[in-house]
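Shown below: my_file.tsv, with TSV, C-alpha atoms and all ligand atoms.
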chain	number	residue	atom	x	y	z
Y	1	MET	CA	-25.59	15.21	19.89
Y	2	THR	CA	-26.59	18.51	18.28
Y	3	LYS	CA	-26.65	19.22	14.56
Y	4	PRO	CA	-23.73	21.68	14.66
Y	5	GLU	CA	-21.72	19.04	16.54
Y	6	ILE	CA	-22.38	16.44	13.84
Y	7	LYS	CA	-21.44	18.96	11.18
Y	8	ARG	CA	-18.21	19.77	13.03
Y	9	ARG	CA	-17.32	16.09	13.25
Y	10	GLU	CA	-18.05	15.58	9.57
Y	11	GLU	CA	-15.66	18.40	8.71
Y	12	GLU	CA	-13.03	17.05	11.08
Y	13	LEU	CA	-13.32	13.57	9.54
Y	14	GLN	CA	-12.93	14.86	6.00
Y	15	SER	CA	-9.97	17.12	6.76
Y	16	LYS	CA	-8.13	14.69	9.06
Y	17	ARG	CA	-4.55	14.00	8.00
Y	18	VAL	CA	-4.42	10.26	8.59
Y	19	CYS	CA	-4.05	7.24	6.34
Y	20	ARG	CA	-7.58	6.19	5.47
Y	21	PHE	CA	-6.64	2.51	5.65
Y	22	CYS	CA	-4.49	2.14	8.77
Y	23	LEU	CA	-5.04	5.54	10.48
Y	24	GLU	CA	-1.31	6.40	10.35
Y	25	PRO	CA	-1.13	10.03	11.59
Y	26	ASP	CA	2.49	10.83	10.62
Y	27	ALA	CA	2.09	13.45	7.86
Y	28	SER	CA	5.54	12.71	6.43
Y	29	LEU	CA	4.35	9.21	5.49
Y	30	LEU	CA	1.14	10.33	3.82
Y	31	SER	CA	0.22	11.23	0.29
Y	32	LYS	CA	-3.09	12.15	-1.28
Y	33	ILE	CA	-5.18	9.27	-2.58
Y	34	TYR	CA	-6.46	11.20	-5.58
Y	35	GLU	CA	-3.14	12.63	-6.72
Y	36	GLN	CA	-1.67	10.92	-9.75
Y	37	GLN	CA	1.52	9.11	-8.79
Y	38	THR	CA	4.54	9.38	-11.03
Y	39	LYS	CA	5.49	5.81	-10.19
Y	40	CYS	CA	4.07	3.47	-12.80
Y	41	SER	CA	1.46	1.21	-11.34
Y	42	THR	CA	-0.80	-1.41	-12.82
Y	43	ALA	CA	-4.06	0.44	-12.24
Y	44	PRO	CA	-5.36	3.64	-10.65
Y	45	LEU	CA	-5.14	3.50	-6.86
Y	46	THR	CA	-8.90	3.95	-6.37
Y	47	LEU	CA	-9.50	0.95	-8.63
Y	48	GLN	CA	-6.92	-1.12	-6.73
Y	49	ILE	CA	-8.62	-0.21	-3.45
Y	50	MET	CA	-12.03	-1.20	-4.75
Y	51	ALA	CA	-10.71	-4.48	-6.13
Y	52	CYS	CA	-8.66	-5.42	-3.06
Y	53	VAL	CA	-10.61	-4.22	-0.04
Y	54	ALA	CA	-14.01	-3.44	-1.58
Y	55	ILE	CA	-14.08	0.12	-0.22
Y	56	GLU	CA	-15.38	2.71	-2.64
Y	57	VAL	CA	-13.30	5.90	-2.43
Y	58	TYR	CA	-13.93	9.09	-4.37
Y	59	PRO	CA	-13.12	12.77	-3.93
Y	60	GLY	CA	-15.59	14.49	-1.61
Y	61	ASP	CA	-16.88	11.28	-0.03
Y	62	GLY	CA	-16.46	12.84	3.39
Y	63	MET	CA	-13.51	10.69	4.43
Y	64	PRO	CA	-9.80	11.46	4.95
Y	65	GLU	CA	-8.08	11.72	1.58
Y	66	PHE	CA	-4.67	10.37	2.53
Y	67	ILE	CA	-2.89	7.05	2.25
Y	68	CYS	CA	0.46	6.07	3.78
Y	69	GLY	CA	3.33	4.59	1.82
Y	70	THR	CA	2.91	1.18	3.41
Y	71	CYS	CA	-0.76	0.89	2.53
Y	72	ARG	CA	-0.09	2.16	-0.98
Y	73	GLY	CA	2.53	-0.57	-1.45
Y	74	VAL	CA	0.31	-3.28	-0.01
Y	75	MET	CA	-2.59	-2.13	-2.20
Y	76	GLU	CA	-0.45	-2.28	-5.34
Y	77	HIS	CA	0.93	-5.68	-4.38
Y	78	SER	CA	-2.48	-7.10	-3.47
Y	79	TYR	CA	-3.90	-5.88	-6.75
Y	80	GLN	CA	-1.12	-7.52	-8.74
Y	81	PHE	CA	-1.52	-10.72	-6.72
Y	82	LYS	CA	-5.24	-10.74	-7.41
Y	83	GLN	CA	-4.57	-10.37	-11.14
Y	84	ILE	CA	-2.14	-13.32	-11.04
Y	85	CYS	CA	-4.70	-15.50	-9.22
Y	86	LYS	CA	-7.38	-14.70	-11.76
Y	87	LYS	CA	-4.99	-15.39	-14.63
Y	88	ALA	CA	-3.97	-18.74	-13.13
Y	89	ASP	CA	-7.62	-19.64	-12.68
Y	90	SER	CA	-8.47	-18.93	-16.31
Y	91	LEU	CA	-5.30	-20.67	-17.58
Y	92	LEU	CA	-6.12	-23.79	-15.57
Y	93	LYS	CA	-9.68	-23.82	-16.88
Y	94	SER	CA	-8.50	-23.29	-20.46
Y	95	PHE	CA	-6.43	-26.48	-20.12
Y	96	LEU	CA	-9.68	-28.38	-20.60
Y	97	THR	CA	-10.17	-26.95	-24.08
Y	98	SER	CA	-6.57	-26.34	-25.20
Y	99	GLY	CA	-4.89	-29.40	-23.66
Y	100	GLU	CA	-1.86	-27.18	-23.11
Y	101	TRP	CA	-0.52	-27.06	-19.58
Y	102	PRO	CA	0.14	-23.39	-18.68
Y	103	ALA	CA	3.60	-22.15	-17.71
Y	104	LYS	CA	4.37	-20.96	-14.20
Y	105	LEU	CA	3.29	-17.40	-13.39
Y	106	THR	CA	5.50	-14.95	-11.51
Y	107	VAL	CA	4.08	-13.59	-8.26
Y	108	PRO	CA	5.39	-10.03	-7.80
Y	109	LYS	CA	7.57	-9.37	-4.78
Y	110	LEU	CA	6.38	-6.75	-2.34
Y	111	MET	CA	8.14	-3.59	-3.48
Y	112	PRO	CA	9.25	-1.01	-0.93
Y	113	GLN	CA	7.51	2.32	-1.40
Y	114	SER	CA	9.30	5.62	-0.98
Y	115	PRO	CA	8.88	7.42	1.28
Y	116	PRO	CA	9.05	5.59	3.60
Y	117	ALA	CA	10.74	2.25	3.01
Y	118	THR	CA	8.16	-0.42	3.64
Y	119	VAL	CA	8.97	-2.87	6.38
Y	120	SER	CA	7.87	-6.43	5.88
Y	121	LEU	CA	4.24	-7.09	5.05
Y	122	VAL	CA	3.81	-9.16	8.20
Y	123	SER	CA	5.06	-6.53	10.63
Y	124	SER	CA	2.99	-3.76	9.05
Y	125	ILE	CA	-0.25	-5.77	9.38
Y	126	ARG	CA	0.18	-6.53	13.08
T	1	ZN	ZN	-1.75	3.26	5.95

Using the file provided, produce a representation of the structure as structure tokens.
Ligand SMILES: [Zn+2]
Amino acid sequence: MTKPEIKRREEELQSKRVCRFCLEPDASLLSKIYEQQTKCSTAPLTLQIMACVAIEVYPGDGMPEFICGTCRGVMEHSYQFKQICKKADSLLKSFLTSGEWPAKLTVPKLMPQSPPATVSLVSSIR
């Protein structure tokens, strides 16, 4: 493979309009990873991605800069779930010192993202 060919592929990779996490190519389902969402979320998307799937994403990293609605929803949900798990862990451990049994925590339901409406988590992972 020649140098110009590698360069061309690098440019194609970076400018590709696909979801970076499931390779969804339908442009109507995609939004930019680095654009601030109006929807209130628990943490910035890039932080959620790092925490949930341990992939470091940043502008100009040479990769596609889009995410689909499904992956965005799953990322948000996974992040919240991870927070709940960590909270439960620390509450259970603090029982040893406090002697107070912690109350039940609420696991967030998977919220549909718009657009598009998210199908079930199971069917989107298959
Ligand atoms: Zn996706």

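In this structure, CA of Gly69 (chain Y) sits 6.5 Å away from CA of Leu30 (chain Y).
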
Within-8 Å residues of ligand ZN 1 (chain T), basis all atoms listed in the file, as a list in words: Val18, Cys19, Arg20, Phe21, Cys22, Leu23, Glu24, Leu30, Ile67, Cys68, Gly69, Thr70, Cys71 and Arg72 of chain Y

Let me see the file: selected residues, C-alpha atoms, as a PDB file, in the frame of the given file.
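To be explicit, this is the file written out as selection12.pdb:
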ATOM      1  CA  VAL Y  18      -4.420  10.260   8.590  1.00  0.00           C
ATOM      2  CA  CYS Y  19      -4.050   7.240   6.340  1.00  0.00           C
ATOM      3  CA  ARG Y  20      -7.580   6.190   5.470  1.00  0.00           C
ATOM      4  CA  PHE Y  21      -6.640   2.510   5.650  1.00  0.00           C
ATOM      5  CA  CYS Y  22      -4.490   2.140   8.770  1.00  0.00           C
ATOM      6  CA  LEU Y  23      -5.040   5.540  10.480  1.00  0.00           C
ATOM      7  CA  GLU Y  24      -1.310   6.400  10.350  1.00  0.00           C
ATOM      8  CA  LEU Y  30       1.140  10.330   3.820  1.00  0.00           C
ATOM      9  CA  ILE Y  67      -2.890   7.050   2.250  1.00  0.00           C
ATOM     10  CA  CYS Y  68       0.460   6.070   3.780  1.00  0.00           C
ATOM     11  CA  GLY Y  69       3.330   4.590   1.820  1.00  0.00           C
ATOM     12  CA  THR Y  70       2.910   1.180   3.410  1.00  0.00           C
ATOM     13  CA  CYS Y  71      -0.760   0.890   2.530  1.00  0.00           C
ATOM     14  CA  ARG Y  72      -0.090   2.160  -0.980  1.00  0.00           C
TER      15      ARG Y  72
END

Compile the contact shell of His77 (chain Y) as a list of chain:residue names: residues with an atom at most 9 Å away, counting all atoms listed in the file, same-chain residues fewer than 2 positions apart removed.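 Here the answer would be Y:Arg72, Y:Gly73, Y:Val74, Y:Met75, Y:Tyr79, Y:Gln80, Y:Phe81, Y:Lys82, Y:Pro108, Y:Lys109, Y:Leu110, Y:Met111.
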
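Residue neighbourhood of Lys16 (chain Y), excluding near-sequence residues (fewer than 5 positions): Glu11, Pro25, Met63, Pro64, Glu65 and Phe66 of chain Y, at 9 Å, using all atoms listed in the file.
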
Pairwise distance, CA of Asp89 (chain Y) with CA of Ile49 (chain Y), equals 21.5 Å

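When CA of Ala27 (chain Y) is paired with CA of Glu5 (chain Y), their separation reads 26.0 Å.
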
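Counting all atoms listed in the file, the residue from Y:Gln83, Y:Ser28, Y:Gln14, Y:Thr2 that sits nearest to Thr106 (chain Y) is Y:Gln83.
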
Using all atoms listed in the file, find the one residue out of Y:Met1, Y:Leu13, Y:Ile33, Y:Val53 that sits nearest to Ser78 (chain Y).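 Closest residue, counting all atoms listed in the file: Y:Val53.
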
Please fill the gaps in region 77-112 of chain Y so it has N, CA and C atoms, and write that as an mmCIF file, in the coordinates of the input.
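Printed below is selection18.cif as written:
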data_model
loop_
_atom_site.group_PDB
_atom_site.id
_atom_site.type_symbol
_atom_site.label_atom_id
_atom_site.label_comp_id
_atom_site.auth_asym_id
_atom_site.auth_seq_id
_atom_site.Cartn_x
_atom_site.Cartn_y
_atom_site.Cartn_z
ATOM 1 N N HIS Y 77 0.527 -4.278 -4.391
ATOM 2 C CA HIS Y 77 0.930 -5.680 -4.380
ATOM 3 C C HIS Y 77 -0.291 -6.609 -4.386
ATOM 4 N N SER Y 78 -1.276 -6.281 -3.555
ATOM 5 C CA SER Y 78 -2.480 -7.100 -3.470
ATOM 6 C C SER Y 78 -3.208 -7.130 -4.812
ATOM 7 N N TYR Y 79 -3.220 -5.967 -5.468
ATOM 8 C CA TYR Y 79 -3.900 -5.880 -6.750
ATOM 9 C C TYR Y 79 -3.208 -6.775 -7.781
ATOM 10 N N GLN Y 80 -1.873 -6.685 -7.800
ATOM 11 C CA GLN Y 80 -1.120 -7.520 -8.740
ATOM 12 C C GLN Y 80 -1.322 -9.003 -8.436
ATOM 13 N N PHE Y 81 -1.323 -9.329 -7.136
ATOM 14 C CA PHE Y 81 -1.520 -10.720 -6.720
ATOM 15 C C PHE Y 81 -2.895 -11.222 -7.158
ATOM 16 N N LYS Y 82 -3.890 -10.377 -6.996
ATOM 17 C CA LYS Y 82 -5.240 -10.740 -7.410
ATOM 18 C C LYS Y 82 -5.306 -11.011 -8.909
ATOM 19 N N GLN Y 83 -4.604 -10.172 -9.693
ATOM 20 C CA GLN Y 83 -4.570 -10.370 -11.140
ATOM 21 C C GLN Y 83 -3.938 -11.709 -11.497
ATOM 22 N N ILE Y 84 -2.843 -12.057 -10.795
ATOM 23 C CA ILE Y 84 -2.140 -13.320 -11.040
ATOM 24 C C ILE Y 84 -3.076 -14.498 -10.738
ATOM 25 N N CYS Y 85 -3.785 -14.423 -9.618
ATOM 26 C CA CYS Y 85 -4.700 -15.500 -9.220
ATOM 27 C C CYS Y 85 -5.777 -15.715 -10.257
ATOM 28 N N LYS Y 86 -6.323 -14.599 -10.762
ATOM 29 C CA LYS Y 86 -7.380 -14.700 -11.760
ATOM 30 C C LYS Y 86 -6.848 -15.270 -13.066
ATOM 31 N N LYS Y 87 -5.612 -14.887 -13.412
ATOM 32 C CA LYS Y 87 -4.990 -15.390 -14.630
ATOM 33 C C LYS Y 87 -4.750 -16.892 -14.520
ATOM 34 N N ALA Y 88 -4.223 -17.308 -13.357
ATOM 35 C CA ALA Y 88 -3.970 -18.740 -13.130
ATOM 36 C C ALA Y 88 -5.266 -19.527 -13.228
ATOM 37 N N ASP Y 89 -6.317 -18.981 -12.661
ATOM 38 C CA ASP Y 89 -7.620 -19.640 -12.680
ATOM 39 C C ASP Y 89 -8.103 -19.855 -14.116
ATOM 40 N N SER Y 90 -7.981 -18.791 -14.934
ATOM 41 C CA SER Y 90 -8.470 -18.930 -16.310
ATOM 42 C C SER Y 90 -7.544 -19.827 -17.136
ATOM 43 N N LEU Y 91 -6.231 -19.784 -16.858
ATOM 44 C CA LEU Y 91 -5.300 -20.670 -17.580
ATOM 45 C C LEU Y 91 -5.581 -22.133 -17.248
ATOM 46 N N LEU Y 92 -5.832 -22.422 -15.989
ATOM 47 C CA LEU Y 92 -6.120 -23.790 -15.570
ATOM 48 C C LEU Y 92 -7.405 -24.305 -16.219
ATOM 49 N N LYS Y 93 -8.410 -23.425 -16.262
ATOM 50 C CA LYS Y 93 -9.680 -23.820 -16.880
ATOM 51 C C LYS Y 93 -9.533 -24.008 -18.381
ATOM 52 N N SER Y 94 -8.664 -23.187 -19.011
ATOM 53 C CA SER Y 94 -8.500 -23.290 -20.460
ATOM 54 C C SER Y 94 -7.746 -24.567 -20.845
ATOM 55 N N PHE Y 95 -7.101 -25.191 -19.848
ATOM 56 C CA PHE Y 95 -6.430 -26.480 -20.120
ATOM 57 C C PHE Y 95 -7.429 -27.493 -20.654
ATOM 58 N N LEU Y 96 -8.643 -27.438 -20.171
ATOM 59 C CA LEU Y 96 -9.680 -28.380 -20.600
ATOM 60 C C LEU Y 96 -9.935 -28.296 -22.098
ATOM 61 N N THR Y 97 -9.916 -27.095 -22.649
ATOM 62 C CA THR Y 97 -10.170 -26.950 -24.080
ATOM 63 C C THR Y 97 -8.889 -26.999 -24.912
ATOM 64 N N SER Y 98 -7.790 -26.416 -24.405
ATOM 65 C CA SER Y 98 -6.570 -26.340 -25.200
ATOM 66 C C SER Y 98 -5.706 -27.603 -25.067
ATOM 67 N N GLY Y 99 -5.758 -28.247 -23.913
ATOM 68 C CA GLY Y 99 -4.890 -29.400 -23.660
ATOM 69 C C GLY Y 99 -3.453 -28.987 -23.399
ATOM 70 N N GLU Y 100 -3.216 -27.676 -23.371
ATOM 71 C CA GLU Y 100 -1.860 -27.180 -23.110
ATOM 72 C C GLU Y 100 -1.725 -26.789 -21.652
ATOM 73 N N TRP Y 101 -0.726 -27.392 -20.987
ATOM 74 C CA TRP Y 101 -0.520 -27.060 -19.580
ATOM 75 C C TRP Y 101 0.157 -25.698 -19.482
ATOM 76 N N PRO Y 102 -0.423 -24.751 -18.728
ATOM 77 C CA PRO Y 102 0.140 -23.390 -18.680
ATOM 78 C C PRO Y 102 1.488 -23.327 -17.950
ATOM 79 N N ALA Y 103 2.305 -22.373 -18.359
ATOM 80 C CA ALA Y 103 3.600 -22.150 -17.710
ATOM 81 C C ALA Y 103 3.396 -21.457 -16.364
ATOM 82 N N LYS Y 104 4.401 -21.580 -15.520
ATOM 83 C CA LYS Y 104 4.370 -20.960 -14.200
ATOM 84 C C LYS Y 104 4.231 -19.439 -14.316
ATOM 85 N N LEU Y 105 3.435 -18.854 -13.422
ATOM 86 C CA LEU Y 105 3.290 -17.400 -13.390
ATOM 87 C C LEU Y 105 4.213 -16.830 -12.308
ATOM 88 N N THR Y 106 4.620 -15.582 -12.492
ATOM 89 C CA THR Y 106 5.500 -14.950 -11.510
ATOM 90 C C THR Y 106 4.682 -14.083 -10.560
ATOM 91 N N VAL Y 107 4.753 -14.408 -9.280
ATOM 92 C CA VAL Y 107 4.080 -13.590 -8.260
ATOM 93 C C VAL Y 107 5.001 -12.424 -7.921
ATOM 94 N N PRO Y 108 4.516 -11.188 -8.076
ATOM 95 C CA PRO Y 108 5.390 -10.030 -7.800
ATOM 96 C C PRO Y 108 5.802 -9.955 -6.345
ATOM 97 N N LYS Y 109 7.058 -9.567 -6.146
ATOM 98 C CA LYS Y 109 7.570 -9.370 -4.780
ATOM 99 C C LYS Y 109 7.019 -8.052 -4.254
ATOM 100 N N LEU Y 110 6.861 -7.985 -2.956
ATOM 101 C CA LEU Y 110 6.380 -6.750 -2.340
ATOM 102 C C LEU Y 110 7.465 -5.685 -2.473
ATOM 103 N N MET Y 111 7.160 -4.638 -3.231
ATOM 104 C CA MET Y 111 8.140 -3.590 -3.480
ATOM 105 C C MET Y 111 8.088 -2.534 -2.392
ATOM 106 N N PRO Y 112 9.256 -2.109 -1.903
ATOM 107 C CA PRO Y 112 9.250 -1.010 -0.930
ATOM 108 C C PRO Y 112 8.794 0.281 -1.596
#
